[in-house]
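Peer 1: As input, take data28.txt (compact mmCIF, C-alpha atoms):
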# COMPACT_ATOMS: atom_id res chain seq x y z
CA MET Z 85 0.00 0.00 0.00
CA GLY Z 86 1.43 3.34 -1.08
CA LEU Z 87 2.18 6.25 1.21
CA THR Z 88 -0.54 8.37 -0.40
CA SER Z 89 -3.21 5.67 -0.65
CA ASN Z 90 -6.64 6.10 0.94
CA THR Z 91 -6.31 2.65 2.58
CA VAL Z 92 -3.19 3.62 4.54
CA LEU Z 93 -4.83 6.84 5.73
CA ALA Z 94 -8.02 5.00 6.74
CA LEU Z 95 -6.03 2.37 8.67
CA ALA Z 96 -4.07 5.07 10.52
CA ILE Z 97 -7.30 6.84 11.51
CA LEU Z 98 -8.88 3.54 12.60
CA ALA Z 99 -5.79 2.69 14.68
CA GLY Z 100 -5.98 6.06 16.41
CA VAL Z 101 -9.67 5.64 17.22
CA LEU Z 102 -9.22 2.07 18.53
CA LEU Z 103 -6.22 3.02 20.66
CA PHE Z 104 -8.13 6.00 22.11
CA ALA Z 105 -11.02 3.67 22.99
CA ALA Z 106 -8.59 1.15 24.50
CA THR Z 107 -7.01 3.89 26.62
CA VAL Z 108 -10.42 4.91 28.02
CA TRP Z 109 -11.38 1.27 28.63
CA PHE Z 110 -8.17 0.08 30.28
CA TRP Z 111 -7.27 3.26 32.22
CA PRO Z 112 -9.13 2.25 35.44
CA LYS Z 113 -7.39 -1.13 35.40
CA LEU Z 114 -4.01 0.60 35.11
CA SER Z 115 -4.59 3.13 37.86
CA GLY Z 116 -2.26 1.47 40.34
CA ARG Z 117 1.31 2.53 41.21
CA SER Z 118 3.06 -0.65 40.23
CA TRP Z 119 5.67 -0.47 37.50
CA ARG Z 120 3.43 -2.54 35.24
CA SER Z 121 0.54 -0.09 35.64
CA VAL Z 122 2.79 2.91 34.98
CA LEU Z 123 4.32 1.28 31.90
CA GLY Z 124 0.85 0.33 30.70
CA ARG Z 125 -0.40 3.91 30.94
CA ILE Z 126 2.73 5.24 29.21
CA GLY Z 127 2.40 2.64 26.47
CA LEU Z 128 -1.25 3.40 25.77
CA LEU Z 129 -0.69 7.18 25.71
CA LEU Z 130 2.38 6.87 23.51
CA ALA Z 131 0.71 4.47 21.06
CA THR Z 132 -2.41 6.64 20.82
CA GLN Z 133 -0.43 9.82 20.19
CA LEU Z 134 1.78 8.13 17.59
CA ALA Z 135 -1.28 6.81 15.76
CA MET Z 136 -2.96 10.22 15.75
CA PHE Z 137 0.23 12.02 14.61
CA ALA Z 138 0.65 9.40 11.87
CA ALA Z 139 -2.92 9.98 10.67
CA ILE Z 140 -2.47 13.76 10.66
CA GLY Z 141 0.87 13.45 8.86
CA LEU Z 142 -0.53 11.07 6.25
CA ALA Z 143 -3.50 13.37 5.63
CA ALA Z 144 -1.23 16.40 5.23
CA ASN Z 145 1.10 14.51 2.90
CA LYS Z 146 -1.82 13.25 0.83
CA SER Z 147 -3.08 16.81 0.41
CA PHE Z 148 0.27 18.49 -0.30
CA LEU Z 149 2.37 15.54 -1.58
CA PHE Z 150 5.59 16.35 0.28
CA TYR Z 151 6.64 12.71 -0.24
CA GLY Z 152 5.49 10.46 -3.05
CA SER Z 153 6.41 7.05 -1.61
CA TRP Z 154 7.68 5.24 1.50
CA ALA Z 155 11.17 5.14 -0.01
CA ASP Z 156 11.02 8.89 -0.59
CA LEU Z 157 9.89 9.47 3.03
CA PHE Z 158 12.71 7.39 4.55
CA GLY Z 159 15.40 8.70 2.20
CA GLN Z 160 15.81 5.41 0.38
CA GLU Z 161 14.95 6.85 -3.04
CA THR Z 162 18.49 7.46 -4.27
CA SER Z 163 18.19 6.69 -7.98
CA ILE Z 164 18.82 9.71 -10.17
CA GLY Z 165 17.29 8.00 -13.20
CA LYS Z 166 18.85 7.25 -16.54
CA VAL Z 167 19.46 9.64 -19.38
CA VAL Z 168 17.53 8.61 -22.48
CA ASP Z 169 18.39 9.94 -25.92
CA HIS Z 170 15.15 11.18 -27.51
CA SER Z 171 14.57 13.07 -30.71
CA MET Z 172 12.59 15.68 -28.78
CA SER Z 173 15.66 16.75 -26.77
CA SER Z 174 17.46 19.97 -27.66
CA ASP Z 175 20.38 22.00 -26.34
CA ASP Z 176 18.01 23.62 -23.83
CA ILE Z 177 15.73 20.72 -22.87
CA LYS Z 178 17.00 17.20 -22.18
CA VAL Z 179 14.45 14.39 -21.95
CA VAL Z 180 15.46 11.95 -19.20
CA ASP Z 181 12.36 9.76 -18.89
CA LYS Z 182 8.87 9.11 -20.24
CA GLN Z 183 5.55 8.45 -18.50
CA HIS Z 184 2.01 7.82 -19.69
CA LEU Z 185 -1.49 8.27 -18.38
CA ASP Z 186 -3.34 5.42 -16.69
CA VAL Z 187 -6.04 5.19 -19.34
CA PRO Z 188 -6.91 2.56 -21.98
CA GLY Z 189 -4.16 2.67 -24.62
CA GLY Z 190 -2.14 4.98 -22.38
CA ALA Z 191 1.20 3.49 -23.46
CA LYS Z 192 0.59 4.71 -27.04
CA PRO Z 193 1.33 8.47 -27.38
CA PRO Z 194 -1.06 8.97 -30.36
CA VAL Z 195 -3.87 7.60 -28.16
CA ALA Z 196 -3.21 9.15 -24.75
CA GLY Z 197 -0.33 11.60 -25.15
CA GLN Z 198 2.90 11.45 -23.17
CA ILE Z 199 4.56 12.99 -20.12
CA LEU Z 200 8.26 13.74 -20.50
CA LYS Z 201 10.53 14.20 -17.50
CA VAL Z 202 13.00 16.87 -18.54
CA SER Z 203 15.95 18.96 -17.46
CA ILE Z 204 15.81 22.55 -18.73
CA THR Z 205 18.84 24.86 -18.98
CA GLY Z 206 18.55 28.61 -19.47
CA GLN Z 207 20.98 30.12 -21.94
CA LYS Z 208 20.96 33.60 -20.32
CA SER Z 209 20.45 32.73 -16.66
CA LYS Z 210 22.65 29.58 -16.72
CA ILE Z 211 20.05 27.97 -14.44
CA THR Z 212 19.17 24.29 -14.85
CA SER Z 213 15.93 23.01 -13.38
CA PRO Z 214 13.88 19.78 -13.67
CA GLY Z 215 10.31 19.63 -14.85
CA TYR Z 216 7.69 17.70 -16.81
CA VAL Z 217 6.18 18.29 -20.24
CA TRP Z 218 2.72 17.01 -21.19
CA LEU Z 219 2.31 16.44 -24.93
CA PRO Z 220 -1.30 15.77 -25.99
CA PRO Z 221 -2.18 12.82 -28.25
CA GLU Z 222 -2.60 15.05 -31.29
CA TYR Z 223 1.08 16.02 -31.06
CA PHE Z 224 1.94 12.46 -32.17
CA GLN Z 225 -0.79 11.94 -34.75
CA PRO Z 226 0.28 12.05 -38.42
CA GLN Z 227 -2.38 14.55 -39.50
CA TYR Z 228 -0.95 17.13 -37.06
CA LYS Z 229 2.76 16.53 -37.79
CA ASP Z 230 3.24 20.01 -39.31
CA GLN Z 231 0.97 21.87 -36.89
CA ASN Z 232 2.00 24.07 -33.95
CA PHE Z 233 0.31 23.73 -30.57
CA PRO Z 234 -0.45 26.28 -27.84
CA ALA Z 235 1.62 25.84 -24.69
CA SER Z 236 1.30 26.92 -21.07
CA ILE Z 237 3.95 26.98 -18.38
CA VAL Z 238 2.47 25.66 -15.10
CA LEU Z 239 4.18 26.44 -11.79
CA THR Z 240 3.35 24.88 -8.43
CA GLY Z 241 3.60 26.71 -5.12
CA TYR Z 242 6.64 26.92 -2.86
CA PRO Z 243 8.01 24.57 -1.48
CA GLY Z 244 6.09 22.15 -3.67
CA MET Z 245 7.56 19.82 -6.26
CA ALA Z 246 6.76 19.64 -9.98
CA GLU Z 247 5.38 16.13 -9.35
CA ASN Z 248 2.53 17.75 -7.38
CA LEU Z 249 1.15 19.11 -10.63
CA ILE Z 250 0.85 15.55 -11.97
CA LYS Z 251 0.04 13.46 -8.88
CA GLY Z 252 -1.84 15.97 -6.75
CA LEU Z 253 -3.49 18.37 -9.21
CA ASP Z 254 -3.78 15.98 -12.20
CA TYR Z 255 -3.00 18.58 -14.86
CA PRO Z 256 -2.23 16.10 -17.69
CA MET Z 257 -5.28 13.96 -16.94
CA LYS Z 258 -7.57 16.99 -16.70
CA ALA Z 259 -6.21 18.42 -19.96
CA PHE Z 260 -6.58 15.03 -21.67
CA SER Z 261 -10.18 14.56 -20.47
CA LEU Z 262 -11.30 18.11 -21.30
CA SER Z 263 -9.74 17.94 -24.75
CA LYS Z 264 -11.27 14.54 -25.45
CA ALA Z 265 -14.67 15.93 -24.43
CA GLY Z 266 -14.23 18.83 -26.85
CA LYS Z 267 -14.18 21.46 -24.08
CA MET Z 268 -10.62 22.70 -24.76
CA LYS Z 269 -8.06 22.57 -27.53
CA PRO Z 270 -5.03 20.25 -27.25
CA MET Z 271 -2.35 22.12 -25.27
CA ILE Z 272 1.25 21.46 -24.26
CA LEU Z 273 1.85 21.89 -20.51
CA VAL Z 274 5.34 22.55 -19.10
CA MET Z 275 5.15 21.83 -15.37
CA MET Z 276 7.81 23.07 -12.93
CA ARG Z 277 8.60 24.40 -9.47
CA PRO Z 278 8.67 28.22 -9.11
CA THR Z 279 12.30 28.17 -8.00
CA PRO Z 280 15.27 26.13 -9.24
CA GLY Z 281 16.72 25.36 -5.80
CA ALA Z 282 15.89 25.26 -2.10
CA ARG Z 283 15.72 29.06 -1.74
CA ASP Z 284 12.39 30.73 -2.43
CA THR Z 285 13.49 33.20 -5.10
CA GLU Z 286 9.98 34.52 -5.90
CA CYS Z 287 10.86 34.60 -9.64
CA VAL Z 288 13.17 37.57 -9.02
CA ASP Z 289 16.58 38.36 -10.55
CA ILE Z 290 18.44 38.55 -7.23
CA PRO Z 291 21.49 40.85 -7.21
CA GLY Z 292 24.49 38.57 -6.90
CA GLY Z 293 22.18 35.55 -6.83
CA PRO Z 294 20.03 33.37 -9.10
CA GLN Z 295 18.55 35.18 -12.09
CA THR Z 296 15.20 33.47 -11.81
CA GLU Z 297 13.05 36.08 -13.56
CA THR Z 298 15.33 35.77 -16.57
CA PHE Z 299 14.98 31.98 -16.42
CA TYR Z 300 11.19 31.82 -16.04
CA GLY Z 301 10.40 34.84 -18.21
CA GLN Z 302 12.92 34.53 -21.05
CA ASP Z 303 14.95 31.30 -21.07
CA LEU Z 304 12.06 28.93 -20.39
CA PRO Z 305 9.72 30.08 -23.19
CA GLN Z 306 12.63 30.18 -25.63
CA ALA Z 307 13.60 26.62 -24.69
CA ILE Z 308 10.00 25.45 -25.18
CA GLN Z 309 9.69 27.13 -28.57
CA SER Z 310 13.04 25.77 -29.78
CA THR Z 311 12.25 22.18 -28.74
CA PHE Z 312 8.54 21.67 -29.39
CA ARG Z 313 6.10 22.75 -32.08
CA VAL Z 314 5.02 25.98 -30.40
CA GLY Z 315 4.59 29.32 -32.17
CA LYS Z 316 6.48 32.47 -31.20
CA LYS Z 317 3.64 34.98 -31.03
CA PRO Z 318 2.22 36.24 -27.68
CA GLY Z 319 -1.02 34.40 -28.36
CA ASN Z 320 0.78 31.05 -28.54
CA MET Z 321 1.83 30.78 -24.88
CA GLY Z 322 0.17 31.12 -21.50
CA TYR Z 323 1.29 31.07 -17.86
CA ILE Z 324 -0.48 29.21 -15.04
CA GLY Z 325 0.33 28.81 -11.36
CA ASN Z 326 -1.03 28.31 -7.87
CA SER Z 327 0.07 30.26 -4.79
CA THR Z 328 3.71 31.29 -5.40
CA GLY Z 329 3.36 29.90 -8.91
CA GLY Z 330 0.29 32.06 -9.46
CA TYR Z 331 2.17 35.14 -8.30
CA CYS Z 332 4.96 34.30 -10.74
CA ALA Z 333 2.52 33.62 -13.59
CA LEU Z 334 0.83 37.01 -13.26
CA LYS Z 335 4.12 38.83 -12.85
CA MET Z 336 5.89 37.13 -15.78
CA THR Z 337 2.95 37.84 -18.09
CA ALA Z 338 2.79 41.48 -16.99
CA HIS Z 339 6.53 41.85 -17.61
CA TYR Z 340 6.68 39.89 -20.88
CA PRO Z 341 3.41 40.50 -22.80
CA GLN Z 342 5.37 40.08 -26.03
CA THR Z 343 5.80 36.40 -25.07
CA PHE Z 344 2.72 35.43 -23.06
CA GLY Z 345 -0.81 36.16 -24.18
CA ALA Z 346 -2.61 34.99 -21.03
CA ALA Z 347 -1.99 34.22 -17.36
CA ALA Z 348 -3.99 32.40 -14.69
CA GLY Z 349 -3.11 32.93 -11.03
CA LEU Z 350 -4.85 30.45 -8.71
CA SER Z 351 -4.76 31.80 -5.13
CA ALA Z 352 -1.99 34.14 -6.25
CA TYR Z 353 -0.58 36.80 -3.98
CA TYR Z 354 0.52 40.14 -5.36
CA GLU Z 355 3.73 41.09 -3.58
CA ALA Z 356 6.95 39.11 -3.19
CA ALA Z 357 7.22 37.23 0.09
CA ASP Z 358 9.85 38.44 2.57
CA ASP Z 359 10.75 35.75 5.11
CA PRO Z 360 13.60 33.39 6.09
CA THR Z 361 12.96 31.23 3.00
CA THR Z 362 13.57 34.15 0.62
CA GLY Z 363 16.44 35.98 2.29
CA ASP Z 364 17.15 39.50 1.06
CA LEU Z 365 15.79 39.44 -2.48
CA PHE Z 366 16.32 43.08 -3.40
CA GLN Z 367 19.52 44.16 -1.63
CA GLY Z 368 17.97 47.57 -0.92
CA ASP Z 369 17.03 48.17 -4.57
CA ALA Z 370 13.64 49.95 -4.43
CA GLN Z 371 13.14 49.73 -8.20
CA LEU Z 372 13.66 45.97 -8.14
CA LYS Z 373 11.23 45.64 -5.23
CA ALA Z 374 8.57 47.64 -7.12
CA ARG Z 375 9.10 45.43 -10.20
CA ALA Z 376 8.35 42.39 -8.04
CA ASN Z 377 4.98 43.87 -6.98
CA VAL Z 378 2.25 42.53 -9.29
CA LEU Z 379 -0.12 45.44 -8.64
CA GLU Z 380 2.62 47.95 -9.47
CA SER Z 381 3.54 45.93 -12.55
CA ILE Z 382 -0.03 45.87 -13.84
CA LYS Z 383 -0.30 49.63 -13.26
CA ALA Z 384 2.83 50.20 -15.33
CA LYS Z 385 1.93 47.69 -18.06
CA GLN Z 386 1.10 49.08 -21.49
CA PRO Z 387 -2.20 47.40 -22.45
CA THR Z 388 -1.64 45.04 -25.37
CA GLY Z 389 -4.65 42.72 -25.27
CA THR Z 390 -3.26 40.35 -22.61
CA SER Z 391 -5.80 38.18 -20.76
CA PHE Z 392 -5.65 37.54 -17.00
CA LEU Z 393 -7.58 35.13 -14.78
CA VAL Z 394 -7.39 35.42 -10.98
CA THR Z 395 -9.05 33.27 -8.32
CA SER Z 396 -9.99 33.63 -4.66
CA SER Z 397 -12.73 32.75 -2.16
CA GLU Z 398 -15.15 34.87 -0.17
CA LYS Z 399 -14.22 32.78 2.86
CA GLY Z 400 -10.90 31.01 3.44
CA GLU Z 401 -8.47 32.75 1.08
CA PRO Z 402 -6.15 35.53 2.28
CA ASN Z 403 -5.79 37.10 -1.18
CA LEU Z 404 -9.36 38.33 -1.74
CA ALA Z 405 -8.64 42.05 -1.20
CA GLY Z 406 -5.56 41.93 -3.43
CA THR Z 407 -7.49 40.07 -6.11
CA LYS Z 408 -10.20 42.75 -6.18
CA LYS Z 409 -7.51 45.44 -6.49
CA PHE Z 410 -5.89 43.58 -9.36
CA ILE Z 411 -9.21 43.31 -11.22
CA LYS Z 412 -9.75 47.07 -10.96
CA LEU Z 413 -6.23 47.86 -12.21
CA VAL Z 414 -6.44 45.93 -15.49
CA LYS Z 415 -6.93 48.40 -18.35
CA GLY Z 416 -8.42 47.65 -21.77
CA PRO Z 417 -7.68 46.25 -24.26
CA ASP Z 418 -6.22 43.89 -21.65
CA ARG Z 419 -8.94 41.65 -20.21
CA VAL Z 420 -9.46 40.18 -16.76
CA SER Z 421 -11.67 37.30 -15.58
CA SER Z 422 -12.08 35.75 -12.15
CA ILE Z 423 -13.23 32.68 -10.25
CA ILE Z 424 -14.44 33.66 -6.77
CA LEU Z 425 -15.62 30.66 -4.75
CA ASP Z 426 -18.03 31.00 -1.85
CA SER Z 427 -15.50 29.23 0.35
CA GLY Z 428 -12.19 27.46 -0.13
CA GLY Z 429 -8.83 27.49 1.59
CA HIS Z 430 -5.33 27.87 0.24
CA ASN Z 431 -4.97 24.20 -0.65
CA PHE Z 432 -5.10 21.48 -3.30
CA ASN Z 433 -8.82 20.83 -2.81
CA THR Z 434 -9.61 24.43 -3.78
CA TRP Z 435 -7.31 24.38 -6.81
CA ARG Z 436 -8.78 21.10 -8.05
CA ARG Z 437 -12.14 22.89 -8.26
CA GLU Z 438 -10.65 25.77 -10.23
CA ILE Z 439 -8.35 23.96 -12.67
CA PRO Z 440 -10.96 22.54 -15.13
CA PRO Z 441 -12.71 25.89 -15.82
CA MET Z 442 -9.32 27.62 -15.84
CA LEU Z 443 -7.96 25.24 -18.52
CA VAL Z 444 -11.06 25.80 -20.65
CA TRP Z 445 -10.58 29.58 -20.21
CA MET Z 446 -6.86 29.36 -21.11
CA SER Z 447 -7.65 27.28 -24.17
CA GLY Z 448 -9.87 30.10 -25.42
CA ARG Z 449 -7.17 32.74 -24.88
CA ILE Z 450 -4.11 31.19 -26.56
CA GLN Z 451 -3.84 29.73 -30.05
CA ALA Z 452 -1.61 27.33 -31.96
Rewrite the structure from the file as structure tokens, please.
Peer 2:
Amino acid sequence: MGLTSNTVLALAILAGVLLFAATVWFWPKLSGRSWRSVLGRIGLLLATQLAMFAAIGLAANKSFLFYGSWADLFGQETSIGKVVDHSMSSDDIKVVDKQHLDVPGGAKPPVAGQILKVSITGQKSKITSPGYVWLPPEYFQPQYKDQNFPASIVLTGYPGMAENLIKGLDYPMKAFSLSKAGKMKPMILVMMRPTPGARDTECVDIPGGPQTETFYGQDLPQAIQSTFRVGKKPGNMGYIGNSTGGYCALKMTAHYPQTFGAAAGLSAYYEAADDPTTGDLFQGDAQLKARANVLESIKAKQPTGTSFLVTSSEKGEPNLAGTKKFIKLVKGPDRVSSIILDSGGHNFNTWRREIPPMLVWMSGRIQA
């Protein structure tokens, strides 16, 4: 049974409930002062607390996918994978593995598409970062061999992993199902973390540090366009993200409207975080700090027909006020849309409710 399976979580919860009931039942019998009674009470309390902590930990991991397997949890996952030579590799993007969807005919790319595990290197930033690329079935079908496809960069939140976008938020499966149902056009998805390393860089070019805005705003789209059949007009590419990824998506699109025609920020915030995970991002540079503010960036943006989608909740999301400000600041011919739920926290369950309509919206804003 896998670490993220419902069975393991249910067993942990059941164990906690049974141990709690056993503690209540046996406590009077263990009320004496003998060493056996004392050890019995300690044992019951310890076992009950361990079971409850295990259930809480498993539930949190299932929601946020910090660890994907037991081997990953206990540090036994040491394989770095094998490098595979594929025709879709380029100087910027190296394909290191292939995956497929768990659907009938999933092993055949023309039937169910393909997920590529990749390593992407930025020519300007000199940053290398891992990620995944979803190629829809049509990409492999002979009748589309000379056709370009729209593409969207998808960033998870910090400190999430790119795998969360596949295992937790099901982006490839949702895109496959919506396209098959005729609700959206086939779209390439490039799924990554919003920072190349352990530090939360907030997609900022840090003085003397990682040039992450250059990587995510310039290098990454150029690598995608040079490797896959994606056009080079603003209407050919979009940007999507949740939480930190949503902040980056809105900011990159505001800064590079000549590259990205649309952006969707799910539970995005609008100002760069400033905490121990980020360190000093701006080194006292007020202009750089203002550039990292999404509301300031949208004020300064020359309207070019860019489309934006922002999401929040009336109850449960901390970004509602900022989202309303953002909506008011967008000037025509730029366009802004929103998804405002009645309630929903800053978590995977909320984003799962927003992703299908967001993908349909994005499909209508970017073209092949």
Peer 1: Using all atoms listed in the file, which residues sit within 10 Å of Ile97 (chain Z) once same-chain residues fewer than 3 positions away are excluded, as a PyMOL selection string?
Peer 2: chain Z and resi 91-94+100-103+135-140+142-143
Peer 1: Compile a residue-level contact table for region 337-441 of chain Z against region 296-305 of chain Z at a cut-off of 12 Å, reporting for every qualifying residue the shortest atom pair and its distance in Å to one decimal, with all atoms listed in the file counted, rows ordered by chain and ascending number, as a Markdown table.
Peer 2:
| residue | atom | partner | partner_atom | distance |
| --- | --- | --- | --- | --- |
| Z:Thr337 | CA | Z:Gly301 | CA | 8.0 |
| Z:Ala338 | CA | Z:Gly301 | CA | 10.2 |
| Z:His339 | CA | Z:Gly301 | CA | 8.0 |
| Z:Tyr340 | CA | Z:Gly301 | CA | 6.8 |
| Z:Pro341 | CA | Z:Gly301 | CA | 10.1 |
| Z:Gln342 | CA | Z:Gln302 | CA | 10.6 |
| Z:Thr343 | CA | Z:Pro305 | CA | 7.7 |
| Z:Phe344 | CA | Z:Pro305 | CA | 8.8 |
| Z:Leu365 | CA | Z:Thr296 | CA | 11.1 |
| Z:Leu372 | CA | Z:Glu297 | CA | 11.3 |
| Z:Arg375 | CA | Z:Glu297 | CA | 10.7 |
| Z:Ala376 | CA | Z:Glu297 | CA | 9.6 |
Peer 1: With C-alpha atoms retained, could you export that selection as a compact mmCIF listing (two decimals), in the coordinates of the input?
Peer 2:
# COMPACT_ATOMS: atom_id res chain seq x y z
CA THR Z 337 2.95 37.84 -18.09
CA ALA Z 338 2.79 41.48 -16.99
CA HIS Z 339 6.53 41.85 -17.61
CA TYR Z 340 6.68 39.89 -20.88
CA PRO Z 341 3.41 40.50 -22.80
CA GLN Z 342 5.37 40.08 -26.03
CA THR Z 343 5.80 36.40 -25.07
CA PHE Z 344 2.72 35.43 -23.06
CA LEU Z 365 15.79 39.44 -2.48
CA LEU Z 372 13.66 45.97 -8.14
CA ARG Z 375 9.10 45.43 -10.20
CA ALA Z 376 8.35 42.39 -8.04
Peer 1: Between CA of Leu128 (chain Z) and CA of Ala96 (chain Z), what distance in Å does the model show, to one decimal?
Peer 2: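 Computing it gives 15.6 Å between the two atoms.
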Peer 1: Expressed in Å to a single decimal, how great is the separation between CA of Lys412 (chain Z) and CA of Gly349 (chain Z)?
Peer 2: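 The value is 15.6 Å.
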Peer 1: Considering only C-alpha atoms, state which residue in the set Z:Met245, Z:Asp176, Z:Glu401, Z:Gly428 is at the smallest distance from Gln309 (chain Z).
Peer 2: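 Counting only C-alpha atoms, the residue closest to Gln309 (chain Z) is Z:Asp176.
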Peer 1: What does the distance between CA of Asp426 (chain Z) and CA of Lys399 (chain Z) come to in Å, to one decimal place?
Peer 2: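 Calculated distance between CA of Asp426 (chain Z) and CA of Lys399 (chain Z) is 6.3 Å.
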Peer 1: Residues within 6 Å of region 197-210 of chain Z, please, as a list of chain:residue names. Count all atoms listed in the file; anything in the same chain fewer than 5 positions from it doesn't count.
Peer 2: Z:Asp176, Z:Ile177, Z:Lys178, Z:Val179, Z:Val180, Z:Asp181, Z:Lys182, Z:Gln183, Z:His184, Z:Gly215, Z:Tyr216, Z:Val217, Z:Trp218, Z:Leu219, Z:Pro220, Z:Pro221, Z:Gln295, Z:Thr298, Z:Phe299, Z:Asp303
Peer 1: Between Z:Asp186, Z:Asp254, Z:Asp284, Z:Glu438, single out the one closest to Ser396 (chain Z), counting all atoms listed in the file.
Peer 2: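 The closest residue to Ser396 (chain Z) is Z:Glu438.
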Peer 1: Out of Z:Thr361, Z:Gln371, Z:Ser351, Z:Asn433, which residue has the shortest atom-to-atom distance to Ala405 (chain Z) when counting all atoms listed in the file?
Peer 2: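 With all atoms listed in the file as the atom set, the closest residue is Z:Ser351.
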